[in-house]
Amino acid sequence: MTIKVYLNKIGFPEIAELPELERLPGIGEKITLEENKRYEVTEVKKDPENDEIYIYVNTAR
């Protein structure tokens, strides 16, 4: 299953593609991506037809 991470702003730019995870992050959870930048998860969507998971994030302080 492919996991794609999108920044939650106009245009929803894709910022990362992750390998399959044992546990998906929950809404409000902080994750670290691309050179130690921290993000907060705002939404997680599953698309079983395309075998993909979409994670939407905001930058975290």
# chains A, B, ... in the order shown; residues from 1 in each chain; ligands from 1

call {"tool": "residues_around", "arguments": {"residues": "Lys37 in chain A", "least_positions_apart": "4", "cutoff": "9 Å", "atoms": "only C-alpha atoms", "output": "PyMOL selection string"}}
result
chain A and resi 31-33+59-60

call {"tool": "write_last_selection", "arguments": {"atoms": "all heavy atoms", "output": "tab-separated table (two decimals), in the first residue's frame"}}
result
chain	number	residue	atom	x	y	z
A	31	ILE	N	4.29	14.27	13.34
A	31	ILE	CA	5.21	13.38	12.64
A	31	ILE	C	6.38	14.22	12.13
A	31	ILE	O	6.26	15.43	11.95
A	31	ILE	CB	4.53	12.63	11.48
A	31	ILE	CG1	3.95	13.58	10.45
A	31	ILE	CG2	3.45	11.70	12.01
A	31	ILE	CD1	3.40	12.89	9.21
A	32	THR	N	7.51	13.58	11.92
A	32	THR	CA	8.70	14.26	11.42
A	32	THR	C	9.02	13.74	10.03
A	32	THR	O	9.11	12.54	9.81
A	32	THR	CB	9.90	14.02	12.35
A	32	THR	OG1	9.56	14.48	13.66
A	32	THR	CG2	11.13	14.76	11.87
A	33	LEU	N	9.19	14.67	9.09
A	33	LEU	CA	9.51	14.34	7.69
A	33	LEU	C	10.60	15.27	7.19
A	33	LEU	O	10.94	16.25	7.85
A	33	LEU	CB	8.27	14.51	6.80
A	33	LEU	CG	7.05	13.68	7.10
A	33	LEU	CD1	5.89	14.16	6.25
A	33	LEU	CD2	7.32	12.22	6.82
A	59	THR	N	2.09	22.34	9.06
A	59	THR	CA	3.38	22.48	9.74
A	59	THR	C	3.13	22.66	11.23
A	59	THR	O	2.16	23.28	11.65
A	59	THR	CB	4.18	23.68	9.18
A	59	THR	OG1	3.38	24.85	9.24
A	59	THR	CG2	4.61	23.45	7.74
A	60	ALA	N	3.99	22.09	12.03
A	60	ALA	CA	3.88	22.18	13.49
A	60	ALA	C	5.02	23.03	14.02
A	60	ALA	O	6.11	23.07	13.45
A	60	ALA	CB	3.93	20.79	14.10

call {"tool": "residues_around", "arguments": {"residues": "range 49-57 of chain A", "least_positions_apart": "4", "cutoff": "6 Å", "atoms": "only C-alpha atoms", "output": "list in words"}}
result
Met1, Thr2, Ile3, Lys4, Val5, Tyr6, Leu7, Asn8, Tyr39, Glu40, Val41, Thr42, Glu43, Val44 and Lys45 of chain A

call {"tool": "closest_residue", "arguments": {"among": "A:Lys46, A:Gly28, A:Arg61, A:Glu34", "to": "Ala16 in chain A", "atoms": "only C-alpha atoms"}}
result
A:Glu34

call {"tool": "atom_distance", "arguments": {"atom1": "CA of Glu14 in chain A", "atom2": "CA of Asn58 in chain A"}}
result
12.1 Å

call {"tool": "select_by_dssp", "arguments": {"residues": "chain A", "states": "strand (DSSP E)", "output": "PyMOL selection string"}}
result
chain A and resi 2-7+14-18+30-33+37-47+52-59
